[in-house]
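Colleague: One structure coming up, written as structure tokens, with questions to follow.
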Number of protein chains: 2
Amino acid sequence: MAEQLEPISRMQQQLAKLPGIGSKTALRLAYHIASQPENQVRELAAALWQGRKAISYCSICGNFTVSDPCPICSNPERHNGILCVVKDPRDVAAMERMHEYHGGYHVLNGIISPMDGIGPDDIRIRELLDRIEKEQIKEVILATNPDIEGEATANYIAHLLKPMGVLVTRIAHGLPVGGDLEYTDEVTLARAISGRREM
Amino acid sequence: MAEQLEPISRMQQQLAKLPGIGSKTALRLAYHIASQPENQVRELAAALWQGRKAISYCSICGNFTVSDPCPICSNPERHNGILCVVKDPRDVAAMERMHEYHGGYHVLNGIISPMDGIGPDDIRIRELLDRIEKEQIKEVILATNPDIEGEATANYIAHLLKPMGVLVTRIAHGLPVGGDLEYTDEVTLARAISGRREM
């Protein structure tokens with residue numbers, strides 16, 4: 001006989017497509033799921049499939065939403081002429097957890113990455129330019145990650161926006177709060193020094 | 001607005017029930033799944049739910065199977081009077097990958113663990129005793145894990161079986177092949193010495 005049941009192999013194969021789940025972890029999860037009560041597995045499968053069906057992208061900002069436009073874009077109080085540009089919906093959730101930002105968002109749903117064949121036309125930059133005119137945006141905060149792709153994407157967008165007369169800002173880089181100077185990498189430390197402010 | 005969409009939270013909640021998947025990993029997976037094409041998520045959900053529905057326990061050995069009795073129990077060549085007792089279906093898969101064992105199995109589907117409130121009556125020991133008489137078993141190989149619960153369970157079963165006149169054996173403990181004596185823990189090393197064989 002085959003060492004592994006076909007339904008187990010199929011679960012393993014599908015689970016191994018998830019990010020950070022290798023083939024061995026997927027097999028462990030498949031065996032676990034096979035041993036769970038049917039109704040629990042039904043709930044898991046339903047949460048994934050029905051959840052995916054319920055979620056779409058906001059036609060304005062590109063964030064995940066269950067209603068279009070999303071609650072943030074539908075809220076007139078958040079149309080204050082400021083847009084925060086982020087890579088993906090997780091970043092919007094992180095910003096919202098902060099409870100300090102009250103403007104709008106623009107989710108790129110991707111990042112410029114020539115290595116992965118992703119260029120400016122593959123992410124929502126065109127839509128950003130349209131919104132700046134239509135929504136009379138005065139400031140665009142570029143909040144892409146401080147990594148190579150995030151910096152390149154921020155630079156590319158800044159280059160496009162400046163001639164439009166809009167204020168373009170970049171989130172600050174420096175030591176995380178609670179961070180330790182001794183264990184901070186040189187590049188972050190250099191950014192923290194060059195970005196120093198008068199107290 | 002709430003920082004997180006209800007469908008995302010529900011995915012997160014369900015995924016976090018899986019072993020080794022914490023709340024943060026579950027959230028990361030939920031966002032990933034929300035961003036995947038609908039048909040891919042349908043395939044994942046279907047693999048889990050249909051997979052679970054297809055799998056049941058063999059009424060004889062207790063292993064996972066899609067047909068009852070399972071292919072091993074249905075194979076007359078494997079009725080050779082030897083039963084290998086393991087904790088769960090994953091252990092059967094490990095044994096079968098070895099391609100060296102040609103007897104039958106008995107899957108306990110659990111292990112005696114007073115800490116977790118699991119006693120002898122909660123695992124398939126009663127069924128094992130029945131099979132020994134019915135199938136004229138001559139040897140029972142106790143292949144539970146070499147940890148506290150596995151040892152205790154093996155000792156408990158050995159104690160029950162010996163008066164029945166059946167040969168009871170325990171898998172050998174020692175250095176794993178390719179292992180390094182220097183880095184072997186003392187308990188394993190002691191087992192390797194006490195289990196030494198003439199060459």
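In the structure tokens, chains take the letters A, B, ... in the order shown, each chain's residues start at 1, and ligands count up from 1 in the order shown.
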Please check the contacts: residues of chain B at most 9 Å away from chain A, using only C-alpha atoms, listed as number ranges by chain.
Modeller: B: 1-8, 10-15, 18-20, 25, 28-38, 40-56, 64-66, 71-72, 89-90, 92-97
Colleague: Tell me which protein, DNA and RNA residues are within 12 Å of Glu186 (chain A), counting only C-alpha atoms, leaving out same-chain ones fewer than 5 positions away, and put them as a PyMOL selection string.
Modeller: chain A and resi 174-175+181+191-193
Colleague: Compare A:Ser67, A:Gly104, A:His173, A:Gly165 by their minimum atom-to-atom distance to Asp147 (chain A), counting only C-alpha atoms, and give me the closest one.
Modeller: A:His173
Colleague: Fewer than 4 positions away in the same chain doesn't count, so skip those; otherwise give me all residues within 9 Å of Arg124 (chain B), counting only C-alpha atoms, as a list of chain:residue names.
Modeller: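 Final neighbour list, sorted by chain and number: B:Gly62, B:His106, B:Val107, B:Leu108, B:Asn109, B:Gly110, B:Pro120, B:Leu128.
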Colleague: Would you write out those residues with all heavy atoms, as a PDB file, in the first residue's frame?
Modeller:
ATOM      1  N   GLY B  62      -7.504   0.600  13.987  1.00  0.00           N
ATOM      2  CA  GLY B  62      -7.611   1.963  14.493  1.00  0.00           C
ATOM      3  C   GLY B  62      -6.818   2.983  13.691  1.00  0.00           C
ATOM      4  O   GLY B  62      -6.767   4.166  14.060  1.00  0.00           O
ATOM      5  N   HIS B 106      -1.581  -2.016  15.621  1.00  0.00           N
ATOM      6  CA  HIS B 106      -2.690  -1.651  16.489  1.00  0.00           C
ATOM      7  C   HIS B 106      -2.446  -0.218  16.951  1.00  0.00           C
ATOM      8  O   HIS B 106      -1.461   0.055  17.646  1.00  0.00           O
ATOM      9  CB  HIS B 106      -2.813  -2.597  17.691  1.00  0.00           C
ATOM     10  CG  HIS B 106      -4.067  -2.375  18.455  1.00  0.00           C
ATOM     11  ND1 HIS B 106      -5.277  -2.890  18.056  1.00  0.00           N
ATOM     12  CD2 HIS B 106      -4.323  -1.621  19.552  1.00  0.00           C
ATOM     13  CE1 HIS B 106      -6.216  -2.492  18.896  1.00  0.00           C
ATOM     14  NE2 HIS B 106      -5.661  -1.707  19.817  1.00  0.00           N
ATOM     15  N   VAL B 107      -3.324   0.674  16.508  1.00  0.00           N
ATOM     16  CA  VAL B 107      -3.146   2.095  16.808  1.00  0.00           C
ATOM     17  C   VAL B 107      -3.963   2.442  18.051  1.00  0.00           C
ATOM     18  O   VAL B 107      -5.182   2.249  18.078  1.00  0.00           O
ATOM     19  CB  VAL B 107      -3.595   2.964  15.606  1.00  0.00           C
ATOM     20  CG1 VAL B 107      -3.357   4.439  15.909  1.00  0.00           C
ATOM     21  CG2 VAL B 107      -2.869   2.544  14.336  1.00  0.00           C
ATOM     22  N   LEU B 108      -3.281   2.931  19.077  1.00  0.00           N
ATOM     23  CA  LEU B 108      -3.953   3.241  20.339  1.00  0.00           C
ATOM     24  C   LEU B 108      -4.812   4.498  20.222  1.00  0.00           C
ATOM     25  O   LEU B 108      -5.773   4.670  20.960  1.00  0.00           O
ATOM     26  CB  LEU B 108      -2.907   3.430  21.455  1.00  0.00           C
ATOM     27  CG  LEU B 108      -2.071   2.196  21.792  1.00  0.00           C
ATOM     28  CD1 LEU B 108      -0.947   2.565  22.753  1.00  0.00           C
ATOM     29  CD2 LEU B 108      -2.965   1.104  22.417  1.00  0.00           C
ATOM     30  N   ASN B 109      -4.440   5.381  19.294  1.00  0.00           N
ATOM     31  CA  ASN B 109      -5.090   6.690  19.173  1.00  0.00           C
ATOM     32  C   ASN B 109      -5.144   7.424  20.508  1.00  0.00           C
ATOM     33  O   ASN B 109      -6.168   7.965  20.922  1.00  0.00           O
ATOM     34  CB  ASN B 109      -6.469   6.561  18.542  1.00  0.00           C
ATOM     35  CG  ASN B 109      -6.356   6.434  17.028  1.00  0.00           C
ATOM     36  OD1 ASN B 109      -5.586   7.153  16.409  1.00  0.00           O
ATOM     37  ND2 ASN B 109      -7.074   5.485  16.445  1.00  0.00           N
ATOM     38  N   GLY B 110      -3.969   7.480  21.125  1.00  0.00           N
ATOM     39  CA  GLY B 110      -3.832   8.183  22.392  1.00  0.00           C
ATOM     40  C   GLY B 110      -2.743   7.517  23.204  1.00  0.00           C
ATOM     41  O   GLY B 110      -2.170   6.501  22.772  1.00  0.00           O
ATOM     42  N   PRO B 120      -6.133   4.329  30.874  1.00  0.00           N
ATOM     43  CA  PRO B 120      -6.089   3.146  29.997  1.00  0.00           C
ATOM     44  C   PRO B 120      -7.398   2.918  29.235  1.00  0.00           C
ATOM     45  O   PRO B 120      -7.377   2.410  28.116  1.00  0.00           O
ATOM     46  CB  PRO B 120      -5.829   1.999  30.974  1.00  0.00           C
ATOM     47  CG  PRO B 120      -5.224   2.635  32.175  1.00  0.00           C
ATOM     48  CD  PRO B 120      -5.796   4.001  32.266  1.00  0.00           C
ATOM     49  N   LEU B 128      -7.112  -4.143  21.798  1.00  0.00           N
ATOM     50  CA  LEU B 128      -5.870  -4.890  21.595  1.00  0.00           C
ATOM     51  C   LEU B 128      -5.982  -6.279  22.230  1.00  0.00           C
ATOM     52  O   LEU B 128      -5.645  -7.294  21.597  1.00  0.00           O
ATOM     53  CB  LEU B 128      -4.686  -4.116  22.208  1.00  0.00           C
ATOM     54  CG  LEU B 128      -3.333  -4.818  22.214  1.00  0.00           C
ATOM     55  CD1 LEU B 128      -2.857  -5.095  20.783  1.00  0.00           C
ATOM     56  CD2 LEU B 128      -2.281  -3.993  22.962  1.00  0.00           C
TER      57      LEU B 128
END
Colleague: Restricting the calculation to only C-alpha atoms, which member of B:Gly22, B:Gly150, B:Arg197, B:Tyr101 is positioned closest to Arg78 (chain B)?
Modeller: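 Among B:Gly22, B:Gly150, B:Arg197, B:Tyr101, it is B:Tyr101 that comes nearest to Arg78 (chain B).
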Colleague: Just the number, please: distance in Å from CA of Ala154 (chain B) to CA of Glu139 (chain B), one decimal.
Modeller: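 Value for the CA of Ala154 (chain B)-CA of Glu139 (chain B) distance: 13.9 Å.
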Colleague: Using the chain letters and numbers from this document, which residues of chain B does DSSP assign to strand (DSSP E or B), as a PDB file with N, CA and C atoms, in the first residue's frame?
Modeller:
ATOM      1  N   SER B  56     -11.749   7.824   7.937  1.00  0.00           N
ATOM      2  CA  SER B  56     -12.315   7.305   9.185  1.00  0.00           C
ATOM      3  C   SER B  56     -11.274   6.374   9.807  1.00  0.00           C
ATOM      4  N   TYR B  57     -11.619   5.787  10.922  1.00  0.00           N
ATOM      5  CA  TYR B  57     -10.684   4.884  11.584  1.00  0.00           C
ATOM      6  C   TYR B  57     -11.017   3.449  11.188  1.00  0.00           C
ATOM      7  N   PHE B  64      -5.990   5.480  10.388  1.00  0.00           N
ATOM      8  CA  PHE B  64      -6.792   6.230   9.419  1.00  0.00           C
ATOM      9  C   PHE B  64      -6.984   5.373   8.180  1.00  0.00           C
ATOM     10  N   THR B  65      -8.153   5.441   7.582  1.00  0.00           N
ATOM     11  CA  THR B  65      -8.384   4.700   6.349  1.00  0.00           C
ATOM     12  C   THR B  65      -9.515   5.341   5.554  1.00  0.00           C
ATOM     13  N   ILE B  82       2.037 -11.090  14.301  1.00  0.00           N
ATOM     14  CA  ILE B  82       2.767 -10.014  14.976  1.00  0.00           C
ATOM     15  C   ILE B  82       1.957  -8.725  14.872  1.00  0.00           C
ATOM     16  N   LEU B  83       1.841  -8.022  15.997  1.00  0.00           N
ATOM     17  CA  LEU B  83       1.170  -6.721  15.994  1.00  0.00           C
ATOM     18  C   LEU B  83       2.139  -5.669  16.524  1.00  0.00           C
ATOM     19  N   CYS B  84       2.188  -4.544  15.842  1.00  0.00           N
ATOM     20  CA  CYS B  84       3.013  -3.433  16.304  1.00  0.00           C
ATOM     21  C   CYS B  84       2.061  -2.370  16.877  1.00  0.00           C
ATOM     22  N   VAL B  85       2.245  -2.044  18.157  1.00  0.00           N
ATOM     23  CA  VAL B  85       1.350  -1.110  18.844  1.00  0.00           C
ATOM     24  C   VAL B  85       1.961   0.293  18.794  1.00  0.00           C
ATOM     25  N   VAL B  86       1.231   1.244  18.215  1.00  0.00           N
ATOM     26  CA  VAL B  86       1.726   2.624  18.116  1.00  0.00           C
ATOM     27  C   VAL B  86       0.690   3.592  18.672  1.00  0.00           C
ATOM     28  N   GLY B 104       1.020  -6.754  11.369  1.00  0.00           N
ATOM     29  CA  GLY B 104      -0.124  -5.853  11.484  1.00  0.00           C
ATOM     30  C   GLY B 104       0.160  -4.737  12.477  1.00  0.00           C
ATOM     31  N   TYR B 105      -0.799  -3.823  12.592  1.00  0.00           N
ATOM     32  CA  TYR B 105      -0.660  -2.708  13.538  1.00  0.00           C
ATOM     33  C   TYR B 105      -1.826  -2.687  14.506  1.00  0.00           C
ATOM     34  N   HIS B 106      -1.581  -2.016  15.621  1.00  0.00           N
ATOM     35  CA  HIS B 106      -2.690  -1.651  16.489  1.00  0.00           C
ATOM     36  C   HIS B 106      -2.446  -0.218  16.951  1.00  0.00           C
ATOM     37  N   VAL B 107      -3.324   0.674  16.508  1.00  0.00           N
ATOM     38  CA  VAL B 107      -3.146   2.095  16.808  1.00  0.00           C
ATOM     39  C   VAL B 107      -3.963   2.442  18.051  1.00  0.00           C
ATOM     40  N   SER B 113      -1.907   9.291  29.971  1.00  0.00           N
ATOM     41  CA  SER B 113      -1.323  10.534  30.458  1.00  0.00           C
ATOM     42  C   SER B 113      -2.200  11.097  31.574  1.00  0.00           C
ATOM     43  N   ILE B 118      -6.001  11.256  30.751  1.00  0.00           N
ATOM     44  CA  ILE B 118      -6.210  10.145  29.822  1.00  0.00           C
ATOM     45  C   ILE B 118      -5.743   8.853  30.482  1.00  0.00           C
ATOM     46  N   GLU B 139       3.316 -12.250  18.942  1.00  0.00           N
ATOM     47  CA  GLU B 139       4.226 -11.215  19.439  1.00  0.00           C
ATOM     48  C   GLU B 139       3.582  -9.846  19.313  1.00  0.00           C
ATOM     49  N   VAL B 140       3.743  -9.057  20.358  1.00  0.00           N
ATOM     50  CA  VAL B 140       3.294  -7.667  20.329  1.00  0.00           C
ATOM     51  C   VAL B 140       4.518  -6.773  20.508  1.00  0.00           C
ATOM     52  N   ILE B 141       4.787  -5.948  19.498  1.00  0.00           N
ATOM     53  CA  ILE B 141       5.917  -5.015  19.581  1.00  0.00           C
ATOM     54  C   ILE B 141       5.373  -3.677  20.074  1.00  0.00           C
ATOM     55  N   LEU B 142       5.831  -3.231  21.217  1.00  0.00           N
ATOM     56  CA  LEU B 142       5.354  -1.957  21.755  1.00  0.00           C
ATOM     57  C   LEU B 142       6.229  -0.839  21.198  1.00  0.00           C
ATOM     58  N   LEU B 167       4.440 -13.057  23.478  1.00  0.00           N
ATOM     59  CA  LEU B 167       5.753 -12.431  23.569  1.00  0.00           C
ATOM     60  C   LEU B 167       5.574 -10.921  23.436  1.00  0.00           C
ATOM     61  N   VAL B 168       6.073 -10.170  24.426  1.00  0.00           N
ATOM     62  CA  VAL B 168       5.954  -8.714  24.391  1.00  0.00           C
ATOM     63  C   VAL B 168       7.334  -8.116  24.223  1.00  0.00           C
ATOM     64  N   THR B 169       7.546  -7.322  23.167  1.00  0.00           N
ATOM     65  CA  THR B 169       8.854  -6.700  22.954  1.00  0.00           C
ATOM     66  C   THR B 169       8.700  -5.189  22.888  1.00  0.00           C
ATOM     67  N   ARG B 170       9.828  -4.520  23.095  1.00  0.00           N
ATOM     68  CA  ARG B 170       9.827  -3.055  23.061  1.00  0.00           C
ATOM     69  C   ARG B 170      10.859  -2.637  22.027  1.00  0.00           C
TER      70      ARG B 170
END
Colleague: As JSON, numbers by chain, list the residues of region 29-78 of chain B assigned to alpha helix (DSSP H) by DSSP on the backbone atoms of this structure.
Modeller: {"B": [29, 30, 31, 32, 33, 34, 35, 38, 39, 40, 41, 42, 43, 44, 45, 46, 47, 48, 49, 50, 51, 52, 53, 54, 71, 72, 73, 74]}
Colleague: Could you jot down the CA of Glu151 (chain A) to CA of Glu100 (chain A) separation for me, Å, one decimal place?
Modeller: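 So the two atoms, CA of Glu151 (chain A) and CA of Glu100 (chain A), lie 23.5 Å apart.
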Colleague: If I take CA of Thr184 (chain B) and CA of Arg196 (chain B), how far is one from the other in Å, to one decimal?
Modeller: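 Answer for the CA of Thr184 (chain B) to CA of Arg196 (chain B) separation: 15.7 Å.
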